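Asker: What follows is run-v1.tsv; its format and atoms are TSV, C-alpha atoms and all ligand atoms.
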```
chain	number	residue	atom	x	y	z
J	1	MET	CA	-1.89	-44.53	-79.05
J	2	SER	CA	1.20	-42.84	-77.58
J	3	ALA	CA	3.81	-44.95	-75.81
J	4	PHE	CA	3.33	-42.96	-72.59
J	5	HIS	CA	0.36	-42.20	-70.34
J	6	THR	CA	-0.24	-38.69	-69.04
J	7	LEU	CA	-2.35	-40.25	-66.26
J	8	ARG	CA	-2.91	-43.89	-65.42
J	9	TRP	CA	-4.88	-45.85	-62.85
J	10	ILE	CA	-2.67	-48.74	-61.93
J	11	ASP	CA	-2.58	-51.19	-58.96
J	12	ASN	CA	-5.57	-49.36	-57.51
J	13	GLY	CA	-3.82	-45.99	-57.46
J	14	LEU	CA	-3.29	-42.84	-59.55
J	15	GLU	CA	0.00	-42.24	-61.35
J	16	LEU	CA	0.93	-39.10	-63.24
J	17	LEU	CA	3.79	-38.74	-65.70
J	18	ASP	CA	5.95	-36.05	-64.06
J	19	GLN	CA	6.12	-33.53	-66.92
J	20	ARG	CA	8.64	-31.34	-65.06
J	21	LEU	CA	11.27	-34.01	-65.73
J	22	LEU	CA	10.73	-34.30	-69.50
J	23	PRO	CA	12.49	-34.69	-71.85
J	24	GLU	CA	15.39	-35.94	-69.70
J	25	ARG	CA	13.40	-38.49	-67.70
J	26	CYS	CA	10.09	-40.24	-68.23
J	27	GLU	CA	8.98	-41.06	-64.67
J	28	TYR	CA	5.62	-41.64	-63.03
J	29	ALA	CA	4.71	-40.46	-59.53
J	30	ARG	CA	1.94	-41.99	-57.41
J	31	PHE	CA	-0.78	-39.97	-55.62
J	32	SER	CA	-3.13	-41.03	-52.87
J	33	SER	CA	-4.82	-37.86	-51.59
J	34	ALA	CA	-6.62	-34.83	-53.01
J	35	ASP	CA	-4.02	-32.54	-51.41
J	36	ALA	CA	-1.20	-34.33	-53.22
J	37	VAL	CA	-3.04	-34.20	-56.57
J	38	ALA	CA	-3.81	-30.49	-56.08
J	39	ALA	CA	-0.11	-29.84	-55.40
J	40	ALA	CA	0.80	-31.80	-58.56
J	41	ILE	CA	-1.57	-29.63	-60.61
J	42	ARG	CA	-0.21	-26.42	-59.05
J	43	GLU	CA	3.41	-27.46	-59.60
J	44	LEU	CA	2.85	-28.57	-63.23
J	45	VAL	CA	3.57	-32.27	-62.70
J	46	VAL	CA	0.43	-32.53	-64.83
J	47	ARG	CA	-0.66	-29.59	-66.99
J	48	GLY	CA	-2.79	-28.75	-70.01
J	49	ALA	CA	-6.49	-27.97	-69.63
J	50	PRO	CA	-8.12	-31.38	-70.26
J	51	ALA	CA	-5.36	-33.22	-68.36
J	52	ILE	CA	-5.80	-31.13	-65.22
J	53	GLY	CA	-9.57	-31.75	-65.43
J	54	CYS	CA	-8.93	-35.51	-65.55
J	55	ALA	CA	-6.33	-35.30	-62.76
J	56	ALA	CA	-8.73	-33.33	-60.53
J	57	ALA	CA	-11.47	-35.93	-61.15
J	58	TYR	CA	-9.06	-38.71	-60.12
J	59	GLY	CA	-8.01	-36.53	-57.15
J	60	ILE	CA	-11.61	-36.73	-55.91
J	61	ALA	CA	-11.63	-40.49	-56.50
J	62	VAL	CA	-8.42	-41.09	-54.53
J	63	GLU	CA	-9.68	-38.92	-51.66
J	64	ALA	CA	-12.94	-40.90	-51.53
J	65	GLU	CA	-10.91	-44.11	-51.39
J	66	ARG	CA	-8.76	-42.65	-48.60
J	67	LEU	CA	-11.84	-41.67	-46.57
J	68	ARG	CA	-14.01	-44.72	-47.25
J	69	ASP	CA	-13.74	-46.05	-43.66
J	70	CYS	CA	-14.78	-42.71	-42.09
J	71	THR	CA	-18.28	-41.98	-40.77
J	72	PRO	CA	-20.67	-40.57	-43.41
J	73	ASP	CA	-20.39	-37.08	-41.81
J	74	GLN	CA	-16.59	-37.18	-41.85
J	75	PHE	CA	-16.68	-38.53	-45.42
J	76	ALA	CA	-19.01	-35.72	-46.60
J	77	ALA	CA	-16.91	-33.01	-44.90
J	78	GLY	CA	-13.65	-34.49	-46.27
J	79	MET	CA	-15.05	-34.63	-49.79
J	80	ASP	CA	-16.24	-31.03	-49.58
J	81	ARG	CA	-12.76	-29.99	-48.56
J	82	ALA	CA	-11.23	-32.00	-51.43
J	83	PHE	CA	-13.47	-30.25	-53.98
J	84	GLY	CA	-12.33	-26.91	-52.56
J	85	VAL	CA	-8.60	-27.71	-52.59
J	86	LEU	CA	-8.63	-29.15	-56.12
J	87	GLY	CA	-10.85	-26.33	-57.43
J	88	ALA	CA	-8.37	-23.73	-56.18
J	89	SER	CA	-5.29	-25.41	-57.68
J	90	ARG	CA	-5.20	-23.41	-60.96
J	91	PRO	CA	-7.54	-20.62	-62.09
J	92	THR	CA	-7.55	-20.30	-65.90
J	93	ALA	CA	-8.43	-23.67	-67.46
J	94	VAL	CA	-12.17	-24.13	-67.07
J	95	ASN	CA	-11.89	-27.91	-67.63
J	96	LEU	CA	-10.83	-28.18	-63.99
J	97	GLN	CA	-14.17	-26.80	-62.71
J	98	TRP	CA	-16.05	-28.66	-65.45
J	99	ALA	CA	-14.61	-32.02	-64.32
J	100	LEU	CA	-15.18	-31.24	-60.63
J	101	ASP	CA	-18.81	-30.27	-61.37
J	102	ARG	CA	-19.27	-33.68	-63.00
J	103	MET	CA	-17.75	-35.42	-59.99
J	104	ARG	CA	-19.99	-33.42	-57.63
J	105	ALA	CA	-23.07	-34.35	-59.67
J	106	SER	CA	-22.03	-37.99	-59.52
J	107	LEU	CA	-21.63	-37.85	-55.73
J	108	ALA	CA	-24.93	-35.98	-55.35
J	109	GLY	CA	-26.72	-38.94	-56.94
J	110	ALA	CA	-25.25	-41.43	-54.41
J	111	ASP	CA	-26.18	-42.48	-50.88
J	112	ILE	CA	-23.49	-40.76	-48.76
J	113	THR	CA	-23.94	-43.30	-45.94
J	114	GLU	CA	-22.51	-45.96	-48.29
J	115	THR	CA	-18.98	-44.55	-48.40
J	116	GLY	CA	-17.47	-47.58	-50.16
J	117	ARG	CA	-20.05	-47.35	-52.93
J	118	CYS	CA	-19.49	-43.59	-53.25
J	119	ALA	CA	-15.76	-44.23	-53.68
J	120	ALA	CA	-16.41	-46.85	-56.38
J	121	LEU	CA	-18.86	-44.56	-58.18
J	122	LEU	CA	-16.44	-41.62	-58.12
J	123	LEU	CA	-13.63	-43.76	-59.52
J	124	HIS	CA	-15.96	-44.95	-62.28
J	125	THR	CA	-16.90	-41.32	-63.15
J	126	ALA	CA	-13.25	-40.19	-63.19
J	127	ALA	CA	-12.34	-43.06	-65.52
J	128	ARG	CA	-15.29	-42.15	-67.80
J	129	ILE	CA	-14.12	-38.52	-67.97
J	130	ALA	CA	-10.64	-39.67	-69.03
J	131	GLU	CA	-11.98	-42.18	-71.60
J	132	GLU	CA	-14.36	-39.64	-73.08
J	133	ASP	CA	-11.53	-37.12	-73.34
J	134	VAL	CA	-9.63	-39.45	-75.67
J	135	SER	CA	-12.64	-40.11	-77.90
J	136	ILE	CA	-13.51	-36.38	-78.00
J	137	ASN	CA	-9.93	-35.66	-79.07
J	138	ARG	CA	-10.23	-38.23	-81.85
J	139	SER	CA	-13.44	-36.59	-83.13
J	140	MET	CA	-11.80	-33.15	-83.01
J	141	GLY	CA	-8.81	-34.68	-84.76
J	142	ALA	CA	-10.96	-35.92	-87.65
J	143	HIS	CA	-12.75	-32.57	-88.05
J	144	GLY	CA	-9.51	-30.62	-87.90
J	145	ALA	CA	-7.50	-32.94	-90.17
J	146	ALA	CA	-10.01	-32.31	-92.96
J	147	LEU	CA	-9.01	-28.62	-92.92
J	148	LEU	CA	-5.33	-29.33	-93.65
J	149	PRO	CA	-3.90	-29.68	-97.16
J	150	ASP	CA	-2.19	-32.97	-98.16
J	151	ALA	CA	1.35	-31.78	-97.59
J	152	CYS	CA	1.50	-28.97	-95.09
J	153	ARG	CA	3.42	-27.14	-92.41
J	154	VAL	CA	1.66	-26.29	-89.17
J	155	MET	CA	2.86	-24.01	-86.40
J	156	THR	CA	1.81	-24.68	-82.82
J	157	HIS	CA	2.37	-23.01	-79.48
J	158	CYS	CA	2.76	-24.56	-76.02
J	159	ASN	CA	1.79	-28.24	-75.72
J	160	ALA	CA	-1.75	-29.23	-76.64
J	161	GLY	CA	-0.86	-32.86	-77.18
J	162	ALA	CA	-1.39	-36.21	-75.52
J	163	LEU	CA	0.59	-34.78	-72.60
J	164	ALA	CA	-2.06	-32.07	-72.13
J	165	THR	CA	-4.99	-34.51	-72.25
J	166	ALA	CA	-5.82	-38.12	-71.38
J	167	GLY	CA	-4.51	-39.08	-74.84
J	168	HIS	CA	-4.23	-38.11	-78.55
J	169	GLY	CA	-4.27	-34.35	-77.81
J	170	THR	CA	-6.29	-31.40	-79.10
J	171	ALA	CA	-4.07	-29.33	-81.45
J	172	LEU	CA	-1.53	-32.18	-81.76
J	173	GLY	CA	-4.47	-34.61	-82.00
J	174	ILE	CA	-5.46	-32.87	-85.24
J	175	ILE	CA	-1.90	-33.29	-86.52
J	176	ARG	CA	-1.85	-36.97	-85.43
J	177	SER	CA	-5.18	-37.60	-87.16
J	178	ALA	CA	-3.98	-35.87	-90.35
J	179	VAL	CA	-0.80	-37.99	-90.35
J	180	SER	CA	-2.78	-41.22	-89.78
J	181	SER	CA	-5.03	-40.31	-92.70
J	182	GLY	CA	-1.94	-40.25	-94.93
J	183	LYS	CA	-1.21	-36.50	-95.01
J	184	LYS	CA	2.36	-35.28	-94.74
J	185	VAL	CA	2.55	-32.78	-91.91
J	186	GLY	CA	5.62	-30.96	-90.65
J	187	VAL	CA	5.30	-29.12	-87.35
J	188	ILE	CA	6.95	-25.88	-86.28
J	189	ALA	CA	6.91	-25.89	-82.48
J	190	ASN	CA	7.37	-22.58	-80.68
J	191	GLU	CA	9.54	-23.10	-77.61
J	192	THR	CA	6.96	-21.26	-75.43
J	193	ARG	CA	8.72	-19.11	-72.89
J	194	PRO	CA	8.91	-19.07	-69.94
J	195	PHE	CA	8.17	-22.69	-68.98
J	196	LEU	CA	9.18	-24.15	-72.36
J	197	GLN	CA	6.24	-26.51	-72.91
J	198	GLY	CA	6.92	-26.34	-76.67
J	199	ALA	CA	10.62	-27.17	-76.40
J	200	ARG	CA	10.41	-29.74	-73.62
J	201	LEU	CA	7.05	-31.38	-74.28
J	202	THR	CA	5.76	-30.81	-77.84
J	203	ALA	CA	9.14	-31.52	-79.44
J	204	TRP	CA	9.52	-34.69	-77.31
J	205	GLU	CA	5.98	-35.91	-77.90
J	206	LEU	CA	6.19	-35.50	-81.69
J	207	GLN	CA	9.60	-37.16	-81.77
J	208	GLN	CA	8.12	-40.17	-79.97
J	209	ASP	CA	5.59	-40.53	-82.80
J	210	GLY	CA	8.10	-39.85	-85.59
J	211	ILE	CA	6.25	-36.70	-86.74
J	212	PRO	CA	8.73	-34.20	-88.22
J	213	VAL	CA	9.15	-31.23	-85.89
J	214	THR	CA	11.28	-28.09	-86.03
J	215	LEU	CA	11.74	-26.19	-82.80
J	216	ILE	CA	12.01	-22.40	-82.95
J	217	ALA	CA	12.41	-19.57	-80.45
J	218	ASP	CA	9.07	-17.78	-80.01
J	219	SER	CA	10.66	-14.63	-81.41
J	220	ALA	CA	11.35	-16.42	-84.75
J	221	ALA	CA	7.64	-17.05	-85.44
J	222	GLY	CA	6.99	-13.82	-87.42
J	223	HIS	CA	10.08	-14.33	-89.54
J	224	LEU	CA	9.04	-17.89	-90.43
J	225	MET	CA	5.48	-16.87	-91.20
J	226	GLY	CA	6.83	-14.21	-93.56
J	227	THR	CA	9.50	-16.25	-95.29
J	228	GLN	CA	8.35	-19.88	-95.32
J	229	GLN	CA	5.18	-21.61	-96.29
J	230	ILE	CA	3.18	-22.04	-93.07
J	231	ASP	CA	-0.26	-23.43	-93.92
J	232	ALA	CA	-1.92	-23.06	-90.54
J	233	VAL	CA	-1.39	-22.21	-86.90
J	234	ILE	CA	-3.19	-24.63	-84.57
J	235	VAL	CA	-3.29	-24.13	-80.80
J	236	GLY	CA	-5.27	-25.50	-77.89
J	237	ALA	CA	-7.22	-23.47	-75.33
J	238	ASP	CA	-7.63	-23.21	-71.58
J	239	ARG	CA	-10.94	-21.37	-71.70
J	240	VAL	CA	-13.07	-20.02	-74.53
J	241	ALA	CA	-15.57	-17.33	-73.51
J	242	ALA	CA	-19.18	-17.19	-74.74
J	243	ASN	CA	-18.22	-14.70	-77.48
J	244	GLY	CA	-15.32	-16.83	-78.80
J	245	ASP	CA	-12.40	-15.03	-77.11
J	246	VAL	CA	-9.69	-17.63	-76.39
J	247	ALA	CA	-7.44	-17.86	-73.33
J	248	ASN	CA	-4.37	-19.99	-74.01
J	249	LYS	CA	-0.68	-20.09	-73.11
J	250	ILE	CA	1.05	-16.71	-73.00
J	251	GLY	CA	2.27	-15.81	-76.49
J	252	THR	CA	-0.76	-17.25	-78.30
J	253	TYR	CA	-2.17	-13.75	-78.89
J	254	MET	CA	1.10	-12.70	-80.60
J	255	MET	CA	0.87	-15.75	-82.87
J	256	ALA	CA	-2.73	-14.90	-83.79
J	257	VAL	CA	-1.82	-11.30	-84.68
J	258	LEU	CA	1.12	-12.50	-86.79
J	259	ALA	CA	-1.01	-15.15	-88.49
J	260	ARG	CA	-3.60	-12.51	-89.45
J	261	ARG	CA	-0.83	-10.22	-90.78
J	262	HIS	CA	0.43	-13.05	-92.99
J	263	GLY	CA	-2.98	-14.40	-94.07
J	264	ILE	CA	-2.42	-17.75	-92.31
J	265	PRO	CA	-5.48	-19.52	-90.83
J	266	PHE	CA	-5.44	-19.52	-87.03
J	267	TYR	CA	-7.31	-22.53	-85.62
J	268	VAL	CA	-8.17	-23.25	-81.99
J	269	ALA	CA	-8.81	-26.87	-81.00
J	270	CYS	CA	-11.17	-26.94	-78.04
J	271	PRO	CA	-13.50	-29.58	-76.65
J	272	LEU	CA	-16.86	-28.26	-75.45
J	273	SER	CA	-15.58	-28.70	-71.87
J	274	THR	CA	-13.18	-25.80	-72.58
J	275	ILE	CA	-15.97	-23.45	-73.67
J	276	ASP	CA	-17.33	-21.48	-70.73
J	277	ILE	CA	-20.69	-20.03	-71.71
J	278	ALA	CA	-20.96	-18.47	-68.24
J	279	THR	CA	-18.01	-16.17	-69.05
J	280	ALA	CA	-19.26	-13.39	-71.30
J	281	ASP	CA	-15.95	-12.46	-72.92
J	282	GLY	CA	-12.18	-12.67	-72.52
J	283	THR	CA	-11.93	-9.78	-70.06
J	284	ALA	CA	-13.69	-11.97	-67.44
J	285	ILE	CA	-11.25	-14.89	-67.77
J	286	PRO	CA	-8.90	-15.11	-64.74
J	287	ILE	CA	-5.29	-15.03	-65.92
J	288	GLU	CA	-2.89	-16.99	-63.72
J	289	GLU	CA	0.28	-15.22	-62.55
J	290	ARG	CA	3.08	-17.61	-61.62
J	291	ASP	CA	6.34	-17.33	-59.74
J	292	ALA	CA	8.85	-14.75	-60.99
J	293	ALA	CA	11.51	-17.48	-60.87
J	294	GLU	CA	10.03	-18.95	-64.09
J	295	VAL	CA	11.04	-15.77	-65.97
J	296	ALA	CA	14.29	-15.12	-64.10
J	297	GLY	CA	15.79	-18.47	-65.08
J	298	TYR	CA	15.19	-22.17	-65.48
J	299	GLY	CA	16.17	-25.02	-63.19
J	300	ASN	CA	19.37	-24.02	-61.41
J	301	LEU	CA	20.27	-21.38	-63.98
J	302	ARG	CA	19.32	-17.77	-63.30
J	303	TRP	CA	19.94	-15.01	-65.88
J	304	ALA	CA	18.02	-12.02	-64.49
J	305	PRO	CA	19.72	-9.68	-62.02
J	306	PRO	CA	18.58	-10.19	-58.42
J	307	GLY	CA	15.92	-7.67	-57.37
J	308	VAL	CA	14.62	-6.84	-60.86
J	309	ASN	CA	10.82	-6.49	-61.14
J	310	ILE	CA	9.29	-9.42	-63.00
J	311	ALA	CA	5.77	-10.05	-64.31
J	312	ASN	CA	4.74	-13.58	-65.22
J	313	PRO	CA	1.20	-13.81	-66.61
J	314	VAL	CA	1.07	-17.35	-68.03
J	315	PHE	CA	-1.99	-17.04	-70.27
J	316	ASP	CA	-3.28	-14.39	-72.65
J	317	VAL	CA	-6.55	-13.76	-74.46
J	318	THR	CA	-6.84	-13.85	-78.25
J	319	PRO	CA	-9.89	-11.86	-79.37
J	320	ALA	CA	-12.46	-13.93	-81.29
J	321	ASP	CA	-12.05	-11.88	-84.46
J	322	LEU	CA	-8.48	-13.21	-84.88
J	323	VAL	CA	-9.69	-16.83	-84.74
J	324	THR	CA	-10.37	-18.44	-88.12
J	325	ALA	CA	-12.27	-21.35	-86.56
J	326	LEU	CA	-12.86	-23.27	-83.35
J	327	ILE	CA	-12.45	-27.01	-83.92
J	328	THR	CA	-14.64	-28.99	-81.51
J	329	GLU	CA	-15.89	-32.56	-81.23
J	330	ARG	CA	-19.21	-31.33	-82.67
J	331	GLY	CA	-17.56	-29.88	-85.77
J	332	VAL	CA	-15.84	-26.72	-86.96
J	333	LEU	CA	-17.18	-23.29	-86.07
J	334	HIS	CA	-15.83	-20.78	-88.57
J	335	ARG	CA	-15.52	-17.16	-87.44
J	336	PRO	CA	-16.65	-17.90	-83.87
J	337	SER	CA	-19.38	-15.65	-82.50
J	338	ARG	CA	-21.73	-15.64	-79.54
J	339	ALA	CA	-24.57	-16.99	-81.72
J	340	GLY	CA	-22.39	-19.71	-83.27
J	341	ILE	CA	-21.23	-20.87	-79.84
J	342	ARG	CA	-24.80	-20.92	-78.52
J	343	GLU	CA	-25.68	-23.12	-81.50
J	344	LEU	CA	-22.87	-25.57	-80.61
J	345	PHE	CA	-24.56	-26.07	-77.25
J	346	GLY	CA	-27.90	-26.75	-78.93
J	347	GLY	CA	-29.16	-23.14	-78.85
J	348	ARG	CA	-28.89	-22.73	-75.03
K	401	LIG	O1	0.43	-23.89	-68.13
K	401	LIG	P1	0.00	-25.08	-68.95
K	401	LIG	O2	1.14	-25.89	-69.47
K	401	LIG	O3	-1.04	-25.91	-68.22
K	401	LIG	O4	-0.74	-24.44	-70.20
K	401	LIG	C1	-1.30	-25.29	-71.16
K	401	LIG	C2	-1.83	-24.61	-72.35
K	401	LIG	O5	-1.90	-23.39	-72.40
K	401	LIG	C3	-2.35	-25.46	-73.46
K	401	LIG	O6	-2.14	-24.85	-74.69
K	401	LIG	C4	-3.86	-25.64	-73.24
K	401	LIG	O7	-4.11	-26.15	-71.98
K	401	LIG	C5	-4.45	-26.50	-74.26
K	401	LIG	S1	-4.29	-28.18	-73.80
K	401	LIG	C6	-4.98	-29.23	-74.84
```
Rewrite the structure of this file - the entire thing - as structure tokens.
Ligand code: MRU
Answerer:
Amino acid sequence: MSAFHTLRWIDNGLELLDQRLLPERCEYARFSSADAVAAAIRELVVRGAPAIGCAAAYGIAVEAERLRDCTPDQFAAGMDRAFGVLGASRPTAVNLQWALDRMRASLAGADITETGRCAALLLHTAARIAEEDVSINRSMGAHGAALLPDACRVMTHCNAGALATAGHGTALGIIRSAVSSGKKVGVIANETRPFLQGARLTAWELQQDGIPVTLIADSAAGHLMGTQQIDAVIVGADRVAANGDVANKIGTYMMAVLARRHGIPFYVACPLSTIDIATADGTAIPIEERDAAEVAGYGNLRWAPPGVNIANPVFDVTPADLVTALITERGVLHRPSRAGIRELFGGR
């Protein structure tokens, strides 16, 4: 288990590790309303698809606790509003809606006049979602680790680690599982412009665990794939469409094209909660656009000239045919297709 917690329920309240401060400072912030949790998701205090799903679930739980002394009508209206605010906090990662749907189903099965009991039930469901996330990541880790050779070098993009989940990680979970099984794994972490999740978060997280990591500029990825032995590229996902197209952090598509050019397997680690069978293909996945300031500079430093036009799409879509395999908690789906994905969900 990592030495830090992405989210923790402590002294009857929710705390999130403020990922904007890493790697300089490892500090937790406390949240006691759905509005505050939604703002934390929007502002990337917590980020990564499974982690924002867990945070949104806890956001519902803290709101229920906050409203427990209201009348049942006020409680129901307040909870409806909380689902709306949290659901609108970020558009691309489907885990957010998936977790909120589970929380809604949990509330639907309760007696709304018993507000205290509803609050307890919602907290229990949020904690279950977070616990299950860790065990799902461990299953994915075991399936994925079996695909890696004994001594290998793996490239990754963005942060799909413990910091992006309730623990263990998806792409980095596979690396952690491979290392625990005795394999020697070296990681090449792409810095991941513009918000630097690779440089700030992946490099830090792997250092904490003593897993060898080399940080590169995104633009060095093709050169390394061509000149050094890279055995696999493993990334996470924010949403996988019903045909296997993968939305992940901007730059992932470039890595997939380069991996294909160099004959390197390109694996996507994704729990079933990241697969959206209601989205037919990648063209229907909403791609978040963030503030131009993320491209123009970082922190207090600004390098772009004032007034220049800036575009900042923060996810891209990798077509299914560039994906060697999806690694899920139910096993590995090679050459993902609509039929293969349907099969993963039991033929539905
Ligand atoms: O904008 P972010 O940092 O939330 O983007 C995160 C990613 O794109 C991750 O690769 C993805 O969520 C997989 S997390 C296990």
Asker: Counting all atoms listed in the file, note down every residue that has an atom within 10 Å of the point (-4.4, -38.6, -59.4) (file coordinates), as a VMD selection string.
Answerer: chain J and resid 7 to 9 13 to 16 29 to 34 36 to 38 40 to 41 46 52 54 to 63 126
Asker: Hey, what's within 9 Å of Ala178 of chain J if we count only C-alpha atoms and toss same-chain stuff fewer than 6 positions away? As a PDB file with C-alpha atoms, in the coordinates of the input, please?
Answerer:
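Wrote it out as part.pdb, contents follow:
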```pdb
ATOM      1  CA  GLY J 141      -8.810 -34.680 -84.760  1.00  0.00           C
ATOM      2  CA  ALA J 142     -10.960 -35.920 -87.650  1.00  0.00           C
ATOM      3  CA  GLY J 144      -9.510 -30.620 -87.900  1.00  0.00           C
ATOM      4  CA  ALA J 145      -7.500 -32.940 -90.170  1.00  0.00           C
ATOM      5  CA  ALA J 146     -10.010 -32.310 -92.960  1.00  0.00           C
ATOM      6  CA  LEU J 148      -5.330 -29.330 -93.650  1.00  0.00           C
ATOM      7  CA  ASP J 150      -2.190 -32.970 -98.160  1.00  0.00           C
ATOM      8  CA  LYS J 184       2.360 -35.280 -94.740  1.00  0.00           C
ATOM      9  CA  VAL J 185       2.550 -32.780 -91.910  1.00  0.00           C
TER      10      VAL J 185
END
```
Asker: Work out how far apart atom CA of Pro305 of chain J and atom CA of Asp291 of chain J are and give it in Å to one decimal.
Answerer: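 Straight-line distance from atom CA of Pro305 of chain J to atom CA of Asp291 of chain J works out to 15.6 Å.
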Asker: Between atom CA of Val235 of chain J and atom C5 of ligand LIG 401 (chain K), what is the distance, to one decimal in Å?
Answerer: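 Going from atom CA of Val235 of chain J over to atom C5 of ligand LIG 401 (chain K), I get 7.1 Å.
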Asker: Taking only C-alpha atoms into account, which of J:Ile129, J:Val179, J:Met225, J:Val233 comes nearest Met155 of chain J?
Answerer: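 Closest candidate: J:Val233.
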Asker: Would you please work out which residue, of J:Ala171, J:Ala164, J:Ile327, J:Cys118, is nearest to Asp69 of chain J when using only C-alpha atoms?
Answerer: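 Looking at the shortest contact to Asp69 of chain J, the residue is J:Cys118.
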Asker: Ligand LIG 401 (chain K), all listed atoms, 6 Å padding on each side: what axis-aligned box centre and edge lengths in Å to one decimal come out, as AutoDock Vina command-line options?
Answerer:
```
--center_x -1.9 --center_y -26.3 --center_z -71.5 --size_x 18.1 --size_y 17.8 --size_z 18.7
```
Asker: Given a cut-off of 8 Å, what residues near ligand LIG 401 (chain K) show up using only C-alpha atoms and all ligand atoms, put as a PyMOL selection string?
Answerer: chain J and resi 44+46-52+93+157-162+164-165+169-171+195+197+235-238+247-250+269-270+314-315
Asker: For atom CA of Gly251 of chain J and atom CA of Arg330 of chain J, quote the distance in Å rounded to one decimal.
Answerer: 27.2 Å
Asker: Since fewer atoms than expected are present, regenerate N, CA, C and O atoms for segment 22-33 of chain J and write them as a PDB file, keeping the file's coordinate frame.
Answerer:
```pdb
ATOM      1  N   LEU J  22      10.532 -34.053 -68.056  1.00  0.00           N
ATOM      2  CA  LEU J  22      10.730 -34.300 -69.500  1.00  0.00           C
ATOM      3  C   LEU J  22      11.552 -33.175 -70.110  1.00  0.00           C
ATOM      4  O   LEU J  22      11.456 -32.041 -69.660  1.00  0.00           O
ATOM      5  N   PRO J  23      12.329 -33.414 -71.151  1.00  0.00           N
ATOM      6  CA  PRO J  23      12.490 -34.690 -71.850  1.00  0.00           C
ATOM      7  C   PRO J  23      13.598 -35.583 -71.284  1.00  0.00           C
ATOM      8  O   PRO J  23      13.810 -36.665 -71.812  1.00  0.00           O
ATOM      9  N   GLU J  24      14.264 -35.141 -70.201  1.00  0.00           N
ATOM     10  CA  GLU J  24      15.390 -35.940 -69.700  1.00  0.00           C
ATOM     11  C   GLU J  24      14.927 -37.291 -69.166  1.00  0.00           C
ATOM     12  O   GLU J  24      15.544 -38.317 -69.420  1.00  0.00           O
ATOM     13  N   ARG J  25      13.830 -37.247 -68.358  1.00  0.00           N
ATOM     14  CA  ARG J  25      13.400 -38.490 -67.700  1.00  0.00           C
ATOM     15  C   ARG J  25      11.904 -38.663 -67.860  1.00  0.00           C
ATOM     16  O   ARG J  25      11.143 -37.701 -67.789  1.00  0.00           O
ATOM     17  N   CYS J  26      11.505 -39.923 -68.088  1.00  0.00           N
ATOM     18  CA  CYS J  26      10.090 -40.240 -68.230  1.00  0.00           C
ATOM     19  C   CYS J  26       9.703 -41.067 -67.001  1.00  0.00           C
ATOM     20  O   CYS J  26       9.899 -42.276 -66.976  1.00  0.00           O
ATOM     21  N   GLU J  27       9.234 -40.385 -65.950  1.00  0.00           N
ATOM     22  CA  GLU J  27       8.980 -41.060 -64.670  1.00  0.00           C
ATOM     23  C   GLU J  27       7.571 -40.776 -64.180  1.00  0.00           C
ATOM     24  O   GLU J  27       7.076 -39.661 -64.333  1.00  0.00           O
ATOM     25  N   TYR J  28       6.978 -41.788 -63.566  1.00  0.00           N
ATOM     26  CA  TYR J  28       5.620 -41.640 -63.030  1.00  0.00           C
ATOM     27  C   TYR J  28       5.697 -41.457 -61.514  1.00  0.00           C
ATOM     28  O   TYR J  28       6.548 -42.045 -60.851  1.00  0.00           O
ATOM     29  N   ALA J  29       4.803 -40.628 -60.989  1.00  0.00           N
ATOM     30  CA  ALA J  29       4.710 -40.460 -59.530  1.00  0.00           C
ATOM     31  C   ALA J  29       3.305 -40.890 -59.109  1.00  0.00           C
ATOM     32  O   ALA J  29       2.355 -40.752 -59.875  1.00  0.00           O
ATOM     33  N   ARG J  30       3.203 -41.418 -57.883  1.00  0.00           N
ATOM     34  CA  ARG J  30       1.940 -41.990 -57.410  1.00  0.00           C
ATOM     35  C   ARG J  30       1.279 -41.027 -56.412  1.00  0.00           C
ATOM     36  O   ARG J  30       1.969 -40.382 -55.621  1.00  0.00           O
ATOM     37  N   PHE J  31      -0.050 -40.941 -56.446  1.00  0.00           N
ATOM     38  CA  PHE J  31      -0.780 -39.970 -55.620  1.00  0.00           C
ATOM     39  C   PHE J  31      -1.936 -40.641 -54.897  1.00  0.00           C
ATOM     40  O   PHE J  31      -2.699 -41.382 -55.503  1.00  0.00           O
ATOM     41  N   SER J  32      -2.051 -40.366 -53.592  1.00  0.00           N
ATOM     42  CA  SER J  32      -3.130 -41.030 -52.870  1.00  0.00           C
ATOM     43  C   SER J  32      -3.961 -40.096 -51.999  1.00  0.00           C
ATOM     44  O   SER J  32      -4.644 -40.529 -51.089  1.00  0.00           O
ATOM     45  N   SER J  33      -3.914 -38.783 -52.289  1.00  0.00           N
ATOM     46  CA  SER J  33      -4.820 -37.860 -51.590  1.00  0.00           C
ATOM     47  C   SER J  33      -5.130 -36.680 -52.504  1.00  0.00           C
ATOM     48  O   SER J  33      -4.358 -36.375 -53.427  1.00  0.00           O
TER      49      SER J  33
END
```
